[in-house]
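Quick notes on the structure that follows.
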Amino acid sequence: MAILRGGRRIGNFDIRLGLPRDKSLVDVAGDPRLKRKPGGAGTIQRFLSHINQGEGFARPNRFIVRINLPQPIGSLTNRKGLNDLESTQMVENIDMMCNSVVLPNRDINTATAETYGPRREMPYAYSYSAKIECTFLGDKFLRQRMFFENWQKKIMNINTHHMEFYDNYVGSMDIYQLGSFDVETETAVSAGAGQVVKVPKQQIDNASVTYGVRLFEVYPQTIGSIGYNSGTSNSAVEVPVTLNFRKWSNLTIDQIDGATVGKSEGDVPTIKASKDFGLFSGILGKLPPELQRAGRDVLQTTRRNLPIGRVTGGRAFPPFG
């Protein structure tokens with residue numbers, strides 16, 4: 001509302017004058033606030049960018065374990081007269097039936113050092129909890145429980161009560177984090193006459209290992225009790241087992257021979273390179289993450305909807321690569 005206003009009608013024209021209270025809406029188009037570019041630098045945009053760079057979150061239900069039996073047990077596997085609880089098929093069954101497990105911790109042990117002024121906590125060693133709690137789904141014969149009972153029989157003789165040598169009953173255990181999504185990649189295929197073209201390839205990311213640790217000197221310390229209830233009919237029996245271990249290492253960044261994640265000399269996982277969209281790749285790279293994804297989707301849709309895109313499946317679309 002204006003401070004002072006007045007008006008007069010002259011012919012067919014209604015002329016009004018007034019003194020406005022402020023001029024914030026006088027030059028809206030020239031407001032410097034409208035010249036700021038959206039996205040990119042905001043906290044939410046940066047957060048989403050970091051999530052996308054890591055290809056999403058790790059899911060706690062995407063895991064698998066692998067138990068490696070002690071050498072005296074594993075070396076006799078599948079021999080005539082051997083207990084089936086030590087067979088390769090049974091070890092695979094145990095790996096698949098594990099429905100809960102905990103990644104091990106690592107602690108830095110410290111001691112107080114105080115000479116003058118505030119004290120310091122000085123590290124002098126590192127340690128682990130040395131225990132892993134697991135649960136396994138049990139089948140009708142509870143073979144999963146018998147598997148660990150058979151392993152414990154390698155530790156002590158239940159008749160003579162004699163204990164076996166330590167190195168004869170300790171094994172190892174791997175815990176893997178798995179991917180969660182399907183990732184579309186490209187692979188090079190020979191087209192003849194020395195030409196190589198790139199074609200889309202669907203990589204199943206939810207079956208790939210993204211992180212892994214190996215526990216050393218593992219053996220079953222405790223086979224937990226199982227509670228029965230006559231009112232429960234639709235749930236599976238769970239076999240609780242506590243495994244003891246001495247140390248653990250990261251299969252990706254620690255140098256471990258025979259590691260199934262990465263190389264024998266571990267390296268830090270690298271983030272996959274973005275897809276090349278030819279002429280538009282430089283333009284898309286300067287946009288905020290949300291606009292980059294939208295631009296890629298538009299290009300992919302255009303490449304497949306145009307006539308030449310239908311013929312080639314979107315693999316040849318000049319001049320965009």
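In the structure tokens, the first chain shown is A, the next is B, and so on; residue numbers restart at 1 for each chain, and ligands run from 1 in the order shown.
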(request) Identify, on the basis of only C-alpha atoms, every residue whose closest approach to region 168-180 of chain A does not exceed 8 Å; exclude the query and any residue fewer than 3 positions from it along the same chain; express the result as a ChimeraX atom specification. (result) /A:58-59,62-73,103,151,154-155,164-165,205-219
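Proximity of A:Asn105, A:Gly227, A:Asp254, A:Ala236 to Lys140 (chain A), computed with only C-alpha atoms, is greatest for A:Ala236.
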(message) Just to confirm, what's the straight-line distance from CA of Val239 (chain A) to CA of Ser129 (chain A) in Å (one decimal)?
(response) 21.3 Å
(request) Work out how far apart CA of Pro220 (chain A) and CA of Glu149 (chain A) are and give it in Å to one decimal. (result) 8.5 Å
(message) Using DSSP secondary structure from the backbone, list all strand (DSSP E) positions within region 51-139 of chain A, as a PyMOL selection string.
(response) chain A and resi 63-68+98-100+107-113+120-127+131-137
Based on the selection just made, write C-alpha atoms of those residues as an mmCIF file, in the first residue's frame.
data_model
loop_
_atom_site.group_PDB
_atom_site.id
_atom_site.type_symbol
_atom_site.label_atom_id
_atom_site.label_comp_id
_atom_site.auth_asym_id
_atom_site.auth_seq_id
_atom_site.Cartn_x
_atom_site.Cartn_y
_atom_site.Cartn_z
ATOM 1 C CA PHE A 63 26.219 -60.181 3.170
ATOM 2 C CA ILE A 64 27.637 -63.672 2.982
ATOM 3 C CA VAL A 65 30.188 -65.587 5.029
ATOM 4 C CA ARG A 66 32.717 -68.225 4.051
ATOM 5 C CA ILE A 67 34.119 -70.649 6.599
ATOM 6 C CA ASN A 68 37.467 -72.279 5.862
ATOM 7 C CA CYS A 98 24.172 -67.856 8.183
ATOM 8 C CA ASN A 99 21.417 -65.282 8.744
ATOM 9 C CA SER A 100 23.240 -62.929 11.124
ATOM 10 C CA ASP A 107 40.621 -51.350 19.578
ATOM 11 C CA ILE A 108 43.730 -49.248 20.216
ATOM 12 C CA ASN A 109 44.954 -49.911 23.744
ATOM 13 C CA THR A 110 46.286 -46.837 25.519
ATOM 14 C CA ALA A 111 48.107 -45.973 28.732
ATOM 15 C CA THR A 112 48.077 -42.657 30.532
ATOM 16 C CA ALA A 113 51.257 -40.591 30.170
ATOM 17 C CA ARG A 120 47.956 -37.965 27.162
ATOM 18 C CA GLU A 121 46.513 -41.358 26.267
ATOM 19 C CA MET A 122 49.420 -43.046 24.481
ATOM 20 C CA PRO A 123 48.764 -46.140 22.314
ATOM 21 C CA TYR A 124 50.914 -49.140 23.110
ATOM 22 C CA ALA A 125 49.066 -52.037 21.424
ATOM 23 C CA TYR A 126 45.904 -53.009 19.565
ATOM 24 C CA SER A 127 43.402 -55.730 20.316
ATOM 25 C CA LYS A 131 34.550 -63.244 19.526
ATOM 26 C CA ILE A 132 32.027 -63.307 16.688
ATOM 27 C CA GLU A 133 28.350 -63.972 17.357
ATOM 28 C CA CYS A 134 26.582 -65.825 14.524
ATOM 29 C CA THR A 135 23.230 -67.503 14.027
ATOM 30 C CA PHE A 136 22.453 -70.167 11.444
ATOM 31 C CA LEU A 137 19.108 -71.387 10.158
#
